[in-house]
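Asker: Following this line is upload38.cif, made up of mmCIF, N, CA and C atoms:
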```cif
data_query
loop_
_atom_site.label_atom_id
_atom_site.label_comp_id
_atom_site.auth_asym_id
_atom_site.auth_seq_id
_atom_site.Cartn_x
_atom_site.Cartn_y
_atom_site.Cartn_z
N MET P 1 -14.94 61.02 133.08
CA MET P 1 -14.74 59.64 133.47
C MET P 1 -15.18 59.45 134.92
N LYS P 2 -15.89 58.35 135.19
CA LYS P 2 -16.38 58.07 136.54
C LYS P 2 -15.25 57.55 137.42
N THR P 3 -15.34 57.90 138.70
CA THR P 3 -14.37 57.38 139.66
C THR P 3 -14.73 55.92 139.97
N ILE P 4 -13.82 55.22 140.62
CA ILE P 4 -14.09 53.83 141.01
C ILE P 4 -15.29 53.77 141.94
N ASP P 5 -15.38 54.71 142.88
CA ASP P 5 -16.53 54.73 143.78
C ASP P 5 -17.83 54.89 143.01
N GLU P 6 -17.84 55.72 141.99
CA GLU P 6 -19.04 55.92 141.18
C GLU P 6 -19.35 54.68 140.35
N GLN P 7 -18.33 54.03 139.81
CA GLN P 7 -18.53 52.85 138.99
C GLN P 7 -19.08 51.67 139.80
N PHE P 8 -18.68 51.56 141.05
CA PHE P 8 -19.08 50.43 141.87
C PHE P 8 -20.06 50.82 142.98
N ALA P 9 -20.68 51.98 142.87
CA ALA P 9 -21.64 52.44 143.87
C ALA P 9 -22.85 51.49 143.91
N LEU P 10 -23.31 51.20 145.11
CA LEU P 10 -24.43 50.29 145.29
C LEU P 10 -25.75 51.01 145.52
N LYS P 11 -25.70 52.26 145.92
CA LYS P 11 -26.90 53.00 146.26
C LYS P 11 -27.90 52.99 145.11
N GLY P 12 -29.12 52.58 145.43
CA GLY P 12 -30.19 52.54 144.44
C GLY P 12 -30.22 51.29 143.58
N LYS P 13 -29.20 50.47 143.66
CA LYS P 13 -29.17 49.22 142.88
C LYS P 13 -30.11 48.21 143.52
N VAL P 14 -30.53 47.22 142.73
CA VAL P 14 -31.44 46.17 143.20
C VAL P 14 -30.70 44.85 143.24
N ALA P 15 -30.71 44.23 144.42
CA ALA P 15 -30.07 42.92 144.59
C ALA P 15 -31.13 41.86 144.84
N VAL P 16 -30.99 40.73 144.15
CA VAL P 16 -31.79 39.54 144.43
C VAL P 16 -30.87 38.58 145.17
N VAL P 17 -31.31 38.18 146.36
CA VAL P 17 -30.50 37.29 147.19
C VAL P 17 -31.25 35.97 147.34
N VAL P 18 -30.77 34.96 146.62
CA VAL P 18 -31.38 33.63 146.69
C VAL P 18 -30.80 32.92 147.91
N GLY P 19 -31.67 32.45 148.78
CA GLY P 19 -31.21 31.87 150.04
C GLY P 19 -31.00 32.92 151.11
N GLY P 20 -31.65 34.05 150.95
CA GLY P 20 -31.41 35.20 151.81
C GLY P 20 -31.93 35.09 153.23
N ALA P 21 -32.67 34.05 153.55
CA ALA P 21 -33.13 33.88 154.93
C ALA P 21 -32.10 33.14 155.78
N GLY P 22 -31.10 32.57 155.14
CA GLY P 22 -30.04 31.88 155.88
C GLY P 22 -29.07 32.88 156.50
N TYR P 23 -28.28 32.42 157.43
CA TYR P 23 -27.41 33.31 158.21
C TYR P 23 -26.48 34.16 157.33
N LEU P 24 -25.71 33.53 156.46
CA LEU P 24 -24.72 34.25 155.66
C LEU P 24 -25.40 35.23 154.70
N CYS P 25 -26.39 34.77 153.97
CA CYS P 25 -27.03 35.65 152.98
C CYS P 25 -27.89 36.72 153.63
N ALA P 26 -28.44 36.45 154.80
CA ALA P 26 -29.17 37.50 155.52
C ALA P 26 -28.19 38.59 155.94
N THR P 27 -27.00 38.19 156.37
CA THR P 27 -25.96 39.15 156.74
C THR P 27 -25.56 39.99 155.53
N LEU P 28 -25.39 39.36 154.39
CA LEU P 28 -25.05 40.09 153.17
C LEU P 28 -26.20 41.00 152.75
N SER P 29 -27.43 40.57 152.94
CA SER P 29 -28.59 41.41 152.64
C SER P 29 -28.59 42.66 153.50
N ARG P 30 -28.24 42.51 154.78
CA ARG P 30 -28.15 43.67 155.66
C ARG P 30 -27.08 44.65 155.16
N ALA P 31 -25.96 44.10 154.71
CA ALA P 31 -24.88 44.95 154.19
C ALA P 31 -25.34 45.70 152.93
N PHE P 32 -26.07 45.00 152.06
CA PHE P 32 -26.61 45.66 150.87
C PHE P 32 -27.53 46.81 151.29
N LEU P 33 -28.42 46.56 152.24
CA LEU P 33 -29.33 47.60 152.72
C LEU P 33 -28.56 48.78 153.30
N GLU P 34 -27.54 48.50 154.09
CA GLU P 34 -26.74 49.56 154.71
C GLU P 34 -26.03 50.42 153.67
N ASN P 35 -25.82 49.86 152.48
CA ASN P 35 -25.16 50.60 151.41
C ASN P 35 -26.15 51.17 150.40
N GLY P 36 -27.42 51.25 150.80
CA GLY P 36 -28.43 51.93 149.99
C GLY P 36 -29.07 51.11 148.89
N MET P 37 -28.88 49.79 148.92
CA MET P 37 -29.49 48.95 147.90
C MET P 37 -30.93 48.59 148.27
N LYS P 38 -31.70 48.25 147.26
CA LYS P 38 -33.00 47.64 147.44
C LYS P 38 -32.75 46.14 147.36
N VAL P 39 -33.37 45.37 148.24
CA VAL P 39 -33.07 43.94 148.32
C VAL P 39 -34.34 43.11 148.20
N ALA P 40 -34.28 42.12 147.33
CA ALA P 40 -35.33 41.10 147.22
C ALA P 40 -34.72 39.79 147.68
N ILE P 41 -35.33 39.18 148.67
CA ILE P 41 -34.86 37.88 149.17
C ILE P 41 -35.80 36.80 148.69
N LEU P 42 -35.20 35.74 148.14
CA LEU P 42 -35.94 34.55 147.73
C LEU P 42 -35.45 33.40 148.59
N ASP P 43 -36.36 32.70 149.23
CA ASP P 43 -35.96 31.60 150.11
C ASP P 43 -37.13 30.66 150.31
N VAL P 44 -36.83 29.42 150.70
CA VAL P 44 -37.90 28.45 150.99
C VAL P 44 -38.60 28.76 152.30
N ALA P 45 -37.96 29.51 153.18
CA ALA P 45 -38.59 29.88 154.45
C ALA P 45 -39.85 30.71 154.16
N LYS P 46 -40.83 30.59 155.01
CA LYS P 46 -42.09 31.32 154.79
C LYS P 46 -41.96 32.81 155.03
N GLU P 47 -41.02 33.22 155.87
CA GLU P 47 -40.83 34.64 156.19
C GLU P 47 -39.35 34.98 156.25
N PRO P 48 -39.02 36.25 156.05
CA PRO P 48 -37.62 36.66 156.17
C PRO P 48 -37.20 36.69 157.64
N PRO P 49 -35.91 36.79 157.92
CA PRO P 49 -35.49 37.00 159.30
C PRO P 49 -36.22 38.21 159.87
N ALA P 50 -36.58 38.15 161.15
CA ALA P 50 -37.42 39.18 161.77
C ALA P 50 -36.88 40.60 161.56
N ASP P 51 -35.57 40.78 161.69
CA ASP P 51 -35.02 42.13 161.56
C ASP P 51 -35.03 42.66 160.13
N LEU P 52 -35.27 41.79 159.16
CA LEU P 52 -35.34 42.24 157.76
C LEU P 52 -36.77 42.41 157.27
N SER P 53 -37.73 41.94 158.05
CA SER P 53 -39.13 42.07 157.68
C SER P 53 -39.49 43.54 157.52
N GLY P 54 -40.10 43.87 156.39
CA GLY P 54 -40.47 45.25 156.10
C GLY P 54 -39.37 46.07 155.46
N LYS P 55 -38.14 45.54 155.45
CA LYS P 55 -37.01 46.26 154.85
C LYS P 55 -36.63 45.69 153.49
N VAL P 56 -37.07 44.46 153.22
CA VAL P 56 -36.76 43.79 151.96
C VAL P 56 -38.06 43.36 151.31
N PHE P 57 -37.98 43.10 150.02
CA PHE P 57 -39.09 42.46 149.31
C PHE P 57 -38.84 40.97 149.42
N TYR P 58 -39.80 40.24 149.95
CA TYR P 58 -39.58 38.82 150.24
C TYR P 58 -40.48 37.92 149.41
N VAL P 59 -39.89 36.87 148.81
CA VAL P 59 -40.65 35.88 148.06
C VAL P 59 -40.26 34.51 148.59
N SER P 60 -41.25 33.81 149.14
CA SER P 60 -41.02 32.43 149.56
C SER P 60 -41.14 31.56 148.32
N THR P 61 -40.05 30.88 147.96
CA THR P 61 -40.03 30.11 146.71
C THR P 61 -39.04 28.97 146.77
N ASP P 62 -39.18 28.07 145.83
CA ASP P 62 -38.27 26.93 145.70
C ASP P 62 -37.26 27.25 144.60
N ALA P 63 -36.05 27.57 144.99
CA ALA P 63 -35.02 27.98 144.02
C ALA P 63 -34.55 26.84 143.12
N THR P 64 -34.95 25.62 143.42
CA THR P 64 -34.56 24.50 142.56
C THR P 64 -35.53 24.31 141.40
N SER P 65 -36.58 25.12 141.38
CA SER P 65 -37.60 25.04 140.32
C SER P 65 -37.49 26.25 139.41
N LYS P 66 -37.21 26.02 138.14
CA LYS P 66 -37.12 27.13 137.19
C LYS P 66 -38.45 27.87 137.10
N GLU P 67 -39.54 27.12 137.09
CA GLU P 67 -40.87 27.74 137.02
C GLU P 67 -41.11 28.66 138.23
N ALA P 68 -40.72 28.21 139.41
CA ALA P 68 -40.88 29.03 140.62
C ALA P 68 -40.01 30.28 140.54
N LEU P 69 -38.80 30.14 140.02
CA LEU P 69 -37.91 31.30 139.88
C LEU P 69 -38.45 32.30 138.86
N LEU P 70 -39.06 31.81 137.80
CA LEU P 70 -39.66 32.71 136.82
C LEU P 70 -40.79 33.52 137.45
N LYS P 71 -41.60 32.87 138.28
CA LYS P 71 -42.67 33.59 138.99
C LYS P 71 -42.07 34.60 139.96
N ALA P 72 -41.03 34.21 140.66
CA ALA P 72 -40.37 35.12 141.60
C ALA P 72 -39.78 36.31 140.86
N ARG P 73 -39.18 36.06 139.69
CA ARG P 73 -38.63 37.16 138.88
C ARG P 73 -39.73 38.14 138.50
N GLY P 74 -40.88 37.63 138.12
CA GLY P 74 -41.99 38.50 137.78
C GLY P 74 -42.39 39.39 138.95
N ALA P 75 -42.42 38.81 140.16
CA ALA P 75 -42.77 39.57 141.35
C ALA P 75 -41.71 40.63 141.66
N VAL P 76 -40.44 40.26 141.52
CA VAL P 76 -39.35 41.21 141.78
C VAL P 76 -39.39 42.36 140.77
N LEU P 77 -39.59 42.03 139.52
CA LEU P 77 -39.64 43.07 138.49
C LEU P 77 -40.85 43.98 138.66
N LYS P 78 -41.95 43.42 139.13
CA LYS P 78 -43.13 44.25 139.40
C LYS P 78 -42.83 45.22 140.53
N GLU P 79 -42.09 44.76 141.54
CA GLU P 79 -41.76 45.60 142.70
C GLU P 79 -40.69 46.63 142.38
N TYR P 80 -39.59 46.19 141.71
CA TYR P 80 -38.41 47.06 141.54
C TYR P 80 -38.10 47.46 140.10
N ARG P 81 -38.73 46.81 139.12
CA ARG P 81 -38.55 47.12 137.70
C ARG P 81 -37.22 46.68 137.09
N ARG P 82 -36.27 46.22 137.91
CA ARG P 82 -34.98 45.78 137.37
C ARG P 82 -34.25 44.93 138.40
N VAL P 83 -33.17 44.29 137.94
CA VAL P 83 -32.25 43.55 138.82
C VAL P 83 -30.84 43.91 138.41
N ASP P 84 -30.03 44.33 139.38
CA ASP P 84 -28.64 44.71 139.11
C ASP P 84 -27.64 43.69 139.62
N VAL P 85 -27.98 43.01 140.71
CA VAL P 85 -27.06 42.08 141.36
C VAL P 85 -27.82 40.80 141.70
N LEU P 86 -27.20 39.67 141.42
CA LEU P 86 -27.74 38.37 141.84
C LEU P 86 -26.74 37.71 142.76
N LEU P 87 -27.18 37.40 143.97
CA LEU P 87 -26.36 36.67 144.92
C LEU P 87 -26.99 35.29 145.09
N ASN P 88 -26.32 34.27 144.61
CA ASN P 88 -26.81 32.90 144.69
C ASN P 88 -26.29 32.25 145.96
N GLY P 89 -27.14 32.16 146.99
CA GLY P 89 -26.67 31.63 148.25
C GLY P 89 -27.48 30.48 148.80
N ALA P 90 -28.44 29.98 148.03
CA ALA P 90 -29.20 28.83 148.51
C ALA P 90 -28.25 27.65 148.65
N THR P 91 -28.45 26.88 149.68
CA THR P 91 -27.54 25.75 149.90
C THR P 91 -28.21 24.63 150.67
N CYS P 92 -27.62 23.48 150.57
CA CYS P 92 -28.03 22.31 151.34
C CYS P 92 -26.74 21.62 151.76
N ASN P 93 -26.60 21.36 153.04
CA ASN P 93 -25.40 20.69 153.54
C ASN P 93 -25.77 19.38 154.20
N ALA P 94 -24.85 18.45 154.22
CA ALA P 94 -25.05 17.19 154.91
C ALA P 94 -23.93 17.03 155.94
N PRO P 95 -24.30 16.94 157.20
CA PRO P 95 -23.28 16.75 158.23
C PRO P 95 -22.75 15.31 158.25
N THR P 96 -23.30 14.49 157.38
CA THR P 96 -22.94 13.08 157.31
C THR P 96 -21.51 12.91 156.78
N PRO P 97 -20.75 12.00 157.35
CA PRO P 97 -19.42 11.71 156.80
C PRO P 97 -19.53 11.28 155.33
N PHE P 98 -18.53 11.63 154.55
CA PHE P 98 -18.53 11.42 153.10
C PHE P 98 -18.99 10.03 152.68
N PHE P 99 -18.45 8.98 153.26
CA PHE P 99 -18.76 7.61 152.83
C PHE P 99 -20.14 7.14 153.28
N LYS P 100 -20.84 7.95 154.03
CA LYS P 100 -22.17 7.58 154.53
C LYS P 100 -23.28 8.48 153.98
N ILE P 101 -22.94 9.42 153.09
CA ILE P 101 -23.96 10.31 152.53
C ILE P 101 -24.96 9.48 151.74
N THR P 102 -26.23 9.74 152.00
CA THR P 102 -27.30 8.98 151.34
C THR P 102 -27.67 9.60 150.00
N GLU P 103 -28.43 8.86 149.23
CA GLU P 103 -28.92 9.37 147.95
C GLU P 103 -29.80 10.60 148.16
N GLU P 104 -30.62 10.58 149.19
CA GLU P 104 -31.48 11.73 149.49
C GLU P 104 -30.64 12.97 149.81
N GLU P 105 -29.57 12.78 150.58
CA GLU P 105 -28.71 13.92 150.92
C GLU P 105 -27.98 14.47 149.70
N ILE P 106 -27.46 13.61 148.85
CA ILE P 106 -26.74 14.11 147.66
C ILE P 106 -27.72 14.78 146.70
N ASP P 107 -28.94 14.29 146.62
CA ASP P 107 -29.94 14.95 145.78
C ASP P 107 -30.21 16.37 146.27
N CYS P 108 -30.32 16.54 147.58
CA CYS P 108 -30.54 17.87 148.16
C CYS P 108 -29.34 18.78 147.89
N ILE P 109 -28.15 18.25 148.09
CA ILE P 109 -26.92 19.02 147.87
C ILE P 109 -26.82 19.48 146.43
N LEU P 110 -27.03 18.57 145.49
CA LEU P 110 -26.92 18.92 144.07
C LEU P 110 -28.05 19.86 143.63
N ALA P 111 -29.25 19.65 144.15
CA ALA P 111 -30.37 20.52 143.77
C ALA P 111 -30.12 21.96 144.23
N ALA P 112 -29.70 22.13 145.47
CA ALA P 112 -29.51 23.49 145.99
C ALA P 112 -28.21 24.12 145.51
N ASN P 113 -27.15 23.35 145.45
CA ASN P 113 -25.83 23.92 145.16
C ASN P 113 -25.47 23.97 143.69
N VAL P 114 -26.22 23.25 142.86
CA VAL P 114 -25.95 23.27 141.42
C VAL P 114 -27.19 23.73 140.65
N LYS P 115 -28.26 22.99 140.78
CA LYS P 115 -29.47 23.28 140.01
C LYS P 115 -30.03 24.68 140.32
N ALA P 116 -30.15 25.02 141.59
CA ALA P 116 -30.69 26.33 141.97
C ALA P 116 -29.80 27.47 141.49
N VAL P 117 -28.50 27.28 141.61
CA VAL P 117 -27.56 28.31 141.16
C VAL P 117 -27.68 28.49 139.64
N PHE P 118 -27.72 27.39 138.92
CA PHE P 118 -27.83 27.44 137.46
C PHE P 118 -29.11 28.15 137.04
N PHE P 119 -30.26 27.71 137.59
CA PHE P 119 -31.53 28.29 137.17
C PHE P 119 -31.66 29.76 137.58
N ALA P 120 -31.19 30.13 138.76
CA ALA P 120 -31.26 31.53 139.18
C ALA P 120 -30.40 32.40 138.26
N ALA P 121 -29.22 31.92 137.91
CA ALA P 121 -28.36 32.68 136.99
C ALA P 121 -29.02 32.81 135.62
N GLN P 122 -29.65 31.75 135.18
CA GLN P 122 -30.32 31.77 133.88
C GLN P 122 -31.51 32.73 133.90
N VAL P 123 -32.37 32.60 134.89
CA VAL P 123 -33.60 33.38 134.97
C VAL P 123 -33.31 34.87 135.21
N PHE P 124 -32.48 35.17 136.21
CA PHE P 124 -32.22 36.58 136.52
C PHE P 124 -31.15 37.17 135.62
N GLY P 125 -30.23 36.35 135.17
CA GLY P 125 -29.20 36.84 134.24
C GLY P 125 -29.80 37.36 132.96
N GLU P 126 -30.82 36.68 132.47
CA GLU P 126 -31.50 37.12 131.25
C GLU P 126 -32.04 38.54 131.42
N THR P 127 -32.61 38.82 132.57
CA THR P 127 -33.14 40.15 132.86
C THR P 127 -32.01 41.17 132.99
N MET P 128 -30.91 40.77 133.58
CA MET P 128 -29.81 41.69 133.83
C MET P 128 -29.10 42.11 132.55
N VAL P 129 -29.09 41.28 131.53
CA VAL P 129 -28.39 41.64 130.29
C VAL P 129 -29.29 42.39 129.30
N GLU P 130 -30.58 42.42 129.58
CA GLU P 130 -31.51 43.14 128.67
C GLU P 130 -31.31 44.64 128.76
#
```
Written as C-alpha cells, that's how I'd like the structure from this file.

Answerer:
Amino acid sequence: MKTIDEQFALKGKVAVVVGGAGYLCATLSRAFLENGMKVAILDVAKEPPADLSGKVFYVSTDATSKEALLKARGAVLKEYRRVDVLLNGATCNAPTPFFKITEEEIDCILAANVKAVFFAAQVFGETMVE
C-alpha cells in the first residue's frame, strides 16, 4: 500500500495552469516547479513572467475560446504527453462598484470566470480521464 506522500507526490506530474502569467497563478506555478512538476502555462499574455521563462512550457492563448484551448492542449500533449493537474486561474475583475458595472465589464467577468473555467475543464479533463 502506498503512503500518503506517495499517493499525493507531485514530482514528475504535469500541471496546466490557465492564467499562469498572473500573480497568484505564477506563484502557484513556481511552487509546482519547486516540487518537481512539469508546468505548462496558458495565458493571454505574450510571454510568461521573466523568472519562469525557460522553466515552463508557455502557450499564449485565449482561454475563453474552446478552439484555442483545443490547440493549446495539442501543444501541451506534444510537449509532455499527458496532463495530471489542471489549475483554472484565468480571471477578469472589475474595480467598478457593483451598481455601476457595465455590460462590457460583466461580459469580461463571465467569460474569464465561467466560460474559460468550463472550457478548460472540458478540454483538459477529457485528456485527464483517458

Asker: Applied to the shown file, which residues does the PyMOL selection byres ((chain P and resi 36-41) around 8) return, written as a count of residues only?

Answerer: 32

Asker: Name the residues captured by the PyMOL selection byres ((chain P and resi 119-122) around 8) when it is applied to the shown file; answer as a list of chain:residue names.

Answerer: P:Val18, P:Ala63, P:Thr64, P:Ser65, P:Lys66, P:Leu69, P:Leu70, P:Leu86, P:Asn88, P:Val114, P:Lys115, P:Ala116, P:Val117, P:Phe118, P:Val123, P:Phe124, P:Gly125, P:Glu126, P:Thr127

Asker: Keeping only N, CA and C atoms, write the selected residues as a short mmCIF file (atom, residue, chain, number, x, y, z; two decimals), keeping the file's coordinate frame.

Answerer:
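Once written, result_2.cif looks like this:
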```
data_model
loop_
_atom_site.label_atom_id
_atom_site.label_comp_id
_atom_site.auth_asym_id
_atom_site.auth_seq_id
_atom_site.Cartn_x
_atom_site.Cartn_y
_atom_site.Cartn_z
N VAL P 18 -30.77 34.96 146.62
CA VAL P 18 -31.38 33.63 146.69
C VAL P 18 -30.80 32.92 147.91
N ALA P 63 -36.05 27.57 144.99
CA ALA P 63 -35.02 27.98 144.02
C ALA P 63 -34.55 26.84 143.12
N THR P 64 -34.95 25.62 143.42
CA THR P 64 -34.56 24.50 142.56
C THR P 64 -35.53 24.31 141.40
N SER P 65 -36.58 25.12 141.38
CA SER P 65 -37.60 25.04 140.32
C SER P 65 -37.49 26.25 139.41
N LYS P 66 -37.21 26.02 138.14
CA LYS P 66 -37.12 27.13 137.19
C LYS P 66 -38.45 27.87 137.10
N LEU P 69 -38.80 30.14 140.02
CA LEU P 69 -37.91 31.30 139.88
C LEU P 69 -38.45 32.30 138.86
N LEU P 70 -39.06 31.81 137.80
CA LEU P 70 -39.66 32.71 136.82
C LEU P 70 -40.79 33.52 137.45
N LEU P 86 -27.20 39.67 141.42
CA LEU P 86 -27.74 38.37 141.84
C LEU P 86 -26.74 37.71 142.76
N ASN P 88 -26.32 34.27 144.61
CA ASN P 88 -26.81 32.90 144.69
C ASN P 88 -26.29 32.25 145.96
N VAL P 114 -26.22 23.25 142.86
CA VAL P 114 -25.95 23.27 141.42
C VAL P 114 -27.19 23.73 140.65
N LYS P 115 -28.26 22.99 140.78
CA LYS P 115 -29.47 23.28 140.01
C LYS P 115 -30.03 24.68 140.32
N ALA P 116 -30.15 25.02 141.59
CA ALA P 116 -30.69 26.33 141.97
C ALA P 116 -29.80 27.47 141.49
N VAL P 117 -28.50 27.28 141.61
CA VAL P 117 -27.56 28.31 141.16
C VAL P 117 -27.68 28.49 139.64
N PHE P 118 -27.72 27.39 138.92
CA PHE P 118 -27.83 27.44 137.46
C PHE P 118 -29.11 28.15 137.04
N VAL P 123 -32.37 32.60 134.89
CA VAL P 123 -33.60 33.38 134.97
C VAL P 123 -33.31 34.87 135.21
N PHE P 124 -32.48 35.17 136.21
CA PHE P 124 -32.22 36.58 136.52
C PHE P 124 -31.15 37.17 135.62
N GLY P 125 -30.23 36.35 135.17
CA GLY P 125 -29.20 36.84 134.24
C GLY P 125 -29.80 37.36 132.96
N GLU P 126 -30.82 36.68 132.47
CA GLU P 126 -31.50 37.12 131.25
C GLU P 126 -32.04 38.54 131.42
N THR P 127 -32.61 38.82 132.57
CA THR P 127 -33.14 40.15 132.86
C THR P 127 -32.01 41.17 132.99
#
```

Asker: Taking the backbone alone, and naming residues the way the document does, which bits of chain P are strand (DSSP E or B) by DSSP, as a VMD selection string?

Answerer: chain P and resid 14 to 18 38 to 43 57 to 60 85 to 88

Asker: How many Å lie between atom C of Glu104 of chain P and atom N of Ala26 of chain P, rounded to one decimal?

Answerer: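 Pair atom C of Glu104 of chain P / atom N of Ala26 of chain P returns 24.1 Å.
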
Asker: Between atom N of Asn113 of chain P and atom CA of Glu67 of chain P, what distance in Å does the model show, to one decimal?

Answerer: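 A separation of 16.7 Å between them.
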
Asker: Atom CA of Ala45 of chain P to atom CA of Leu24 of chain P: how many Å, to one decimal?

Answerer: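 Result for atom CA of Ala45 of chain P versus atom CA of Leu24 of chain P: 14.6 Å, one decimal.
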
Asker: Suppose a student applies the PyMOL selection byres ((chain P and resi 92) around 5) to this structure; what residues should they get, written as JSON, numbers by chain?

Answerer: {"P": [90, 91, 93, 94, 109, 112]}

Asker: Could those residues be written to a file, using N, CA and C atoms, as a PDB file, keeping the file's coordinate frame?

Answerer:
```pdb
ATOM      1  N   ALA P  90     -28.440  29.980 148.030  1.00  0.00           N
ATOM      2  CA  ALA P  90     -29.200  28.830 148.510  1.00  0.00           C
ATOM      3  C   ALA P  90     -28.250  27.650 148.650  1.00  0.00           C
ATOM      4  N   THR P  91     -28.450  26.880 149.680  1.00  0.00           N
ATOM      5  CA  THR P  91     -27.540  25.750 149.900  1.00  0.00           C
ATOM      6  C   THR P  91     -28.210  24.630 150.670  1.00  0.00           C
ATOM      7  N   ASN P  93     -26.600  21.360 153.040  1.00  0.00           N
ATOM      8  CA  ASN P  93     -25.400  20.690 153.540  1.00  0.00           C
ATOM      9  C   ASN P  93     -25.770  19.380 154.200  1.00  0.00           C
ATOM     10  N   ALA P  94     -24.850  18.450 154.220  1.00  0.00           N
ATOM     11  CA  ALA P  94     -25.050  17.190 154.910  1.00  0.00           C
ATOM     12  C   ALA P  94     -23.930  17.030 155.940  1.00  0.00           C
ATOM     13  N   ILE P 109     -28.150  18.250 148.090  1.00  0.00           N
ATOM     14  CA  ILE P 109     -26.920  19.020 147.870  1.00  0.00           C
ATOM     15  C   ILE P 109     -26.820  19.480 146.430  1.00  0.00           C
ATOM     16  N   ALA P 112     -29.700  22.130 145.470  1.00  0.00           N
ATOM     17  CA  ALA P 112     -29.510  23.490 145.990  1.00  0.00           C
ATOM     18  C   ALA P 112     -28.210  24.120 145.510  1.00  0.00           C
TER      19      ALA P 112
END
```

Asker: Mind checking DSSP for segment 2-130 of chain P and telling me the helix (DSSP H, G or I) residues as number ranges by chain?

Answerer: P: 4-7, 23-34, 50-52, 66-80, 98-100, 103-129

Asker: Can you patch up segment 89-102 of chain P, filling it in to N, CA, C and O atoms, and show the result as a compact mmCIF listing (two decimals), in the frame of the given file?

Answerer:
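Dumped to part-v3.txt:
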```txt
# COMPACT_ATOMS: atom_id res chain seq x y z
N GLY P 89 -27.14 32.16 146.99
CA GLY P 89 -26.67 31.63 148.25
C GLY P 89 -27.48 30.48 148.80
O GLY P 89 -27.26 30.06 149.93
N ALA P 90 -28.44 29.98 148.03
CA ALA P 90 -29.20 28.83 148.51
C ALA P 90 -28.25 27.65 148.65
O ALA P 90 -27.34 27.47 147.83
N THR P 91 -28.45 26.88 149.68
CA THR P 91 -27.54 25.75 149.90
C THR P 91 -28.21 24.63 150.67
O THR P 91 -29.24 24.83 151.31
N CYS P 92 -27.62 23.48 150.57
CA CYS P 92 -28.03 22.31 151.34
C CYS P 92 -26.74 21.62 151.76
O CYS P 92 -25.87 21.38 150.92
N ASN P 93 -26.60 21.36 153.04
CA ASN P 93 -25.40 20.69 153.54
C ASN P 93 -25.77 19.38 154.20
O ASN P 93 -26.88 19.23 154.71
N ALA P 94 -24.85 18.45 154.22
CA ALA P 94 -25.05 17.19 154.91
C ALA P 94 -23.93 17.03 155.94
O ALA P 94 -22.76 17.01 155.57
N PRO P 95 -24.30 16.94 157.20
CA PRO P 95 -23.28 16.75 158.23
C PRO P 95 -22.75 15.31 158.25
O PRO P 95 -21.85 14.98 159.00
N THR P 96 -23.30 14.49 157.38
CA THR P 96 -22.94 13.08 157.31
C THR P 96 -21.51 12.91 156.78
O THR P 96 -21.12 13.59 155.83
N PRO P 97 -20.75 12.00 157.35
CA PRO P 97 -19.42 11.71 156.80
C PRO P 97 -19.53 11.28 155.33
O PRO P 97 -20.52 10.66 154.92
N PHE P 98 -18.53 11.63 154.55
CA PHE P 98 -18.53 11.42 153.10
C PHE P 98 -18.99 10.03 152.68
O PHE P 98 -19.85 9.88 151.81
N PHE P 99 -18.45 8.98 153.26
CA PHE P 99 -18.76 7.61 152.83
C PHE P 99 -20.14 7.14 153.28
O PHE P 99 -20.57 6.06 152.91
N LYS P 100 -20.84 7.95 154.03
CA LYS P 100 -22.17 7.58 154.53
C LYS P 100 -23.28 8.48 153.98
O LYS P 100 -24.45 8.32 154.34
N ILE P 101 -22.94 9.42 153.09
CA ILE P 101 -23.96 10.31 152.53
C ILE P 101 -24.96 9.48 151.74
O ILE P 101 -24.59 8.64 150.91
N THR P 102 -26.23 9.74 152.00
CA THR P 102 -27.30 8.98 151.34
C THR P 102 -27.67 9.60 150.00
O THR P 102 -27.30 10.75 149.70
```
